[in-house]
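S.K.: Let me give you the structure first, and then I'll get to my questions.
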Amino acid sequence: MSNHRVLQASVLFLSLSLLSATPHQREEETTRSTPITRFQQYLRINTAHPTPDYSSAISFLQSQSHSLNLTSQILHFSPSKTKPLLLLTWPGSNPSLPSILLNSHLDSVPAEPAKWSHPPFSAHHSPSDGKIFARGAQDDKCIGLQYLEAIRILKSELGFEPIRTVHISYVPDEEIGGFDGMMAFVESKEFEDLNLGFMLDEGQASVTDEYRVFYADRSPWHVVIRAVGMPGHGSRMYDGSAMENLMKSIEVMSRFRENQLDLVKAGLAGFSDVVSVNPVYLKAGIPSSDGFVMNIQPSEAEAGFDIRFSPMTDPDLLKKKIADEWAPASRNMTFEITEKGPLRDYLGRPLMTATNDSNPWWSIFKEAVEEAGGKLSKPEILASTTDARFIRQMGIPTLGFSPMKNTPILLHDHNEFLKDTVYLEGIKVYVSIIKSLSSYEGPASVQLSYGYSLKFKSGVRRGRVGHGSLGLEQGNKFVDGIKEGSSRVGPDQVKTCETCCRREYEPDSGVY
Ligand SMILES: *[C@@H]1O[C@H](CO)[C@@H](O)[C@H](O)[C@H]1NC(C)=O
Ligand SMILES: *[C@@H]1O[C@H](CO)[C@@H](O)[C@H](O)[C@H]1NC(C)=O
Ligand SMILES: *[C@@H]1O[C@H](CO)[C@@H](O)[C@H](O)[C@H]1NC(C)=O
Ligand SMILES: [Zn+2]
């Protein structure tokens, strides 16, 4: 595709000249709409919890999408219909190919204005160093608008037309768990209809000259351990009090925590590779009018922990450790684990996206970043949790990426900012990424026809029981990587099946 390369070179040149902000341009911002003023406009909409102004954000984004001729759709998954999800679409020339999704969340965490040097929703653009201060500047309104700015360049300046359809989603409530947002969306008919092949979601800033990319999130568990024991007078020393039992557990857990932290300090593991164990509350004692009764040893005591681990950690082994060592019944202890999100995808695989040649999307993504003059550091596991976990759960390859280099990590922090030059360079990177991903025609694909003789090499497809879909989760057997027949798809399911089977499946690696 040599003509593509030529086009690419001119794109970069053009964009570079258009996108570099000089102090002079900054003065002009009041009169002219530029990528920076549009970014400021979006940042000024207060979508912080607990009262995010979703409707203003959606109106603004819709007006942007109209100017780009993207189709738009507003979806609701909360009963109150106060949590809109905006879905924009740039149709590709081959809509039968699985599509690309570019995701960002509308909401942000609250800010404490008194602790900021500029009001958090003023989007103050500092003339001396180009820093734009706002809650959401890094997390993650930057990517939400960079996607659109990149599409603007692809459409208006380059006349580019995608082969695969590109969707852009703006989801509510990511910062509070995504239950009425991405979690509900992935279970919807609208999501299934996207026929998604690959998704990009938020990542994190990088303090070096290399962009960071994330192939997995850590999974959080909220763990409560409880001890019971004989109550007694505060003057007596005896075995097996609730407090003694709990304190023994805390000692064991602290040692484990220290060992994990030592691995990080010694450079043998990253922060996201180890199991983090952090005590978050202690609860015991008998309340009195001025505090606690001081001469009674209580009969119950509990402690709460935030525990997080990577997809490399075996959750069953961790559970066993909790049961055997951290809250053993032999010490009259019980425990409760609340899993905050899925651990495995629908096929039982760990929630991570391959970052090697087995995943063609990875290679395309990486090369596209490099073609735009960027460099990626070693793929990482994100220490926290994002909506990407819901998409990975569907077996869809997903990378976390926010093109912010030479930038301090300020998400959820006071004085969150992003420099104009970094923001503009990110747009350039997305031009290259969106162009490459949407031009990918895929390896030779296998057309599935309805019914009984379905052949695809490890062509595992997500799908839902009841929709006549054809995944391993329905107990279908694969022989030598070739699947033959499906007893679940009977004549009475002809209609559903026609819809779902007409899709093209690409062989190998479960990537489509
Ligand atoms: C949107 O469509 C209008 C009318 O067809 C056209 O004039 C305009 O150039 C298009 N804009 C973009 C960004 O594609
Ligand atoms: C556990 O509780 C039982 C019944 O109250 C008691 O006999 C035993 O000593 C307790 N064991 C420990 C380790 O606290
Ligand atoms: C690619 O990475 C995946 C996940 O880390 C791994 O299971 C697989 O063996 C790797 N494949 C190749 C060809 O390196
Ligand atoms: Zn975020």
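Here's how to read the names in the structure tokens: chain A, B, ... by the order shown, residue numbers from 1 in each chain, ligand numbers from 1 in the order shown.
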Could you pull out the alpha helix (DSSP H) residues of range 260-436 of chain A, going by DSSP on the backbone, and write them as JSON, numbers by chain?
M.R.: {"A": [260, 261, 262, 263, 264, 265, 315, 316, 317, 318, 319, 320, 321, 360, 361, 362, 363, 364, 365, 366, 367, 368, 369, 370, 371, 388, 389, 390, 391, 392, 393, 420, 421, 422, 423, 424, 425, 426, 427, 428, 429, 430, 431, 432, 433, 434, 435, 436]}
S.K.: Please produce a file of the residues just selected, as a JSON list (two decimals), in the first residue's frame, where the atoms kept are C-alpha atoms.
M.R.:
```json
[["chain", "number", "residue", "atom", "x", "y", "z"],
["A", 260, "GLN", "CA", 4.96, -7.78, 47.84],
["A", 261, "LEU", "CA", 6.18, -4.22, 48.30],
["A", 262, "ASP", "CA", 9.76, -5.46, 48.65],
["A", 263, "LEU", "CA", 9.49, -7.09, 45.22],
["A", 264, "VAL", "CA", 8.55, -3.73, 43.76],
["A", 265, "LYS", "CA", 11.25, -1.84, 45.67],
["A", 315, "PRO", "CA", -7.86, -15.94, 42.27],
["A", 316, "ASP", "CA", -8.49, -19.42, 43.67],
["A", 317, "LEU", "CA", -5.05, -19.52, 45.29],
["A", 318, "LEU", "CA", -5.61, -16.08, 46.74],
["A", 319, "LYS", "CA", -8.96, -17.18, 48.11],
["A", 320, "LYS", "CA", -7.27, -20.19, 49.69],
["A", 321, "LYS", "CA", -4.66, -17.96, 51.30],
["A", 360, "PRO", "CA", -3.01, -8.50, 14.67],
["A", 361, "TRP", "CA", -4.64, -5.43, 16.25],
["A", 362, "TRP", "CA", -1.61, -5.01, 18.47],
["A", 363, "SER", "CA", 0.80, -4.88, 15.56],
["A", 364, "ILE", "CA", -1.38, -2.42, 13.65],
["A", 365, "PHE", "CA", -1.75, -0.20, 16.69],
["A", 366, "LYS", "CA", 1.95, -0.24, 17.51],
["A", 367, "GLU", "CA", 3.05, 0.51, 13.97],
["A", 368, "ALA", "CA", 0.52, 3.32, 13.69],
["A", 369, "VAL", "CA", 1.90, 4.99, 16.83],
["A", 370, "GLU", "CA", 5.42, 4.65, 15.47],
["A", 371, "GLU", "CA", 4.45, 6.00, 12.05],
["A", 388, "ALA", "CA", -12.13, -1.84, 29.53],
["A", 389, "ARG", "CA", -12.73, -4.85, 31.78],
["A", 390, "PHE", "CA", -16.31, -5.17, 30.55],
["A", 391, "ILE", "CA", -15.17, -5.28, 26.93],
["A", 392, "ARG", "CA", -12.37, -7.73, 27.61],
["A", 393, "GLN", "CA", -14.95, -9.88, 29.34],
["A", 420, "ASP", "CA", -1.44, 22.12, 24.67],
["A", 421, "THR", "CA", 1.47, 20.73, 22.66],
["A", 422, "VAL", "CA", 1.03, 17.28, 24.20],
["A", 423, "TYR", "CA", -2.71, 17.37, 23.46],
["A", 424, "LEU", "CA", -2.12, 18.39, 19.84],
["A", 425, "GLU", "CA", 0.52, 15.77, 19.29],
["A", 426, "GLY", "CA", -1.93, 13.20, 20.62],
["A", 427, "ILE", "CA", -4.38, 14.15, 17.88],
["A", 428, "LYS", "CA", -1.68, 13.43, 15.33],
["A", 429, "VAL", "CA", -1.12, 10.01, 16.86],
["A", 430, "TYR", "CA", -4.84, 9.23, 16.67],
["A", 431, "VAL", "CA", -4.94, 10.28, 13.01],
["A", 432, "SER", "CA", -2.44, 7.53, 12.33],
["A", 433, "ILE", "CA", -4.11, 4.98, 14.63],
["A", 434, "ILE", "CA", -7.65, 5.48, 13.36],
["A", 435, "LYS", "CA", -6.45, 5.39, 9.78],
["A", 436, "SER", "CA", -4.55, 2.14, 10.23]]
```
S.K.: Quick one: DSSP strand (DSSP E) residues in range 183-384 of chain A, as a count of residues only?
M.R.: 57
S.K.: Produce as a ChimeraX atom specification the set of residues near ligand 2, where near means within 10 Å with only C-alpha atoms and all ligand atoms considered.
M.R.: /A:227-231,238-246,299,328-333
S.K.: For a test of reading the model, state the distance in Å between CA of Gly197 in chain A and CA of Gly395 in chain A, rounded to one decimal.
M.R.: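 Calculated distance between CA of Gly197 in chain A and CA of Gly395 in chain A is 9.5 Å.
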S.K.: From the options A:Arg349, A:Lys83, A:Arg308, A:Lys189, which residue's atoms come nearest to ligand 3, counting only C-alpha atoms and all ligand atoms?
M.R.: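 Residue with the minimum atom-to-atom distance to ligand 3: A:Arg349.
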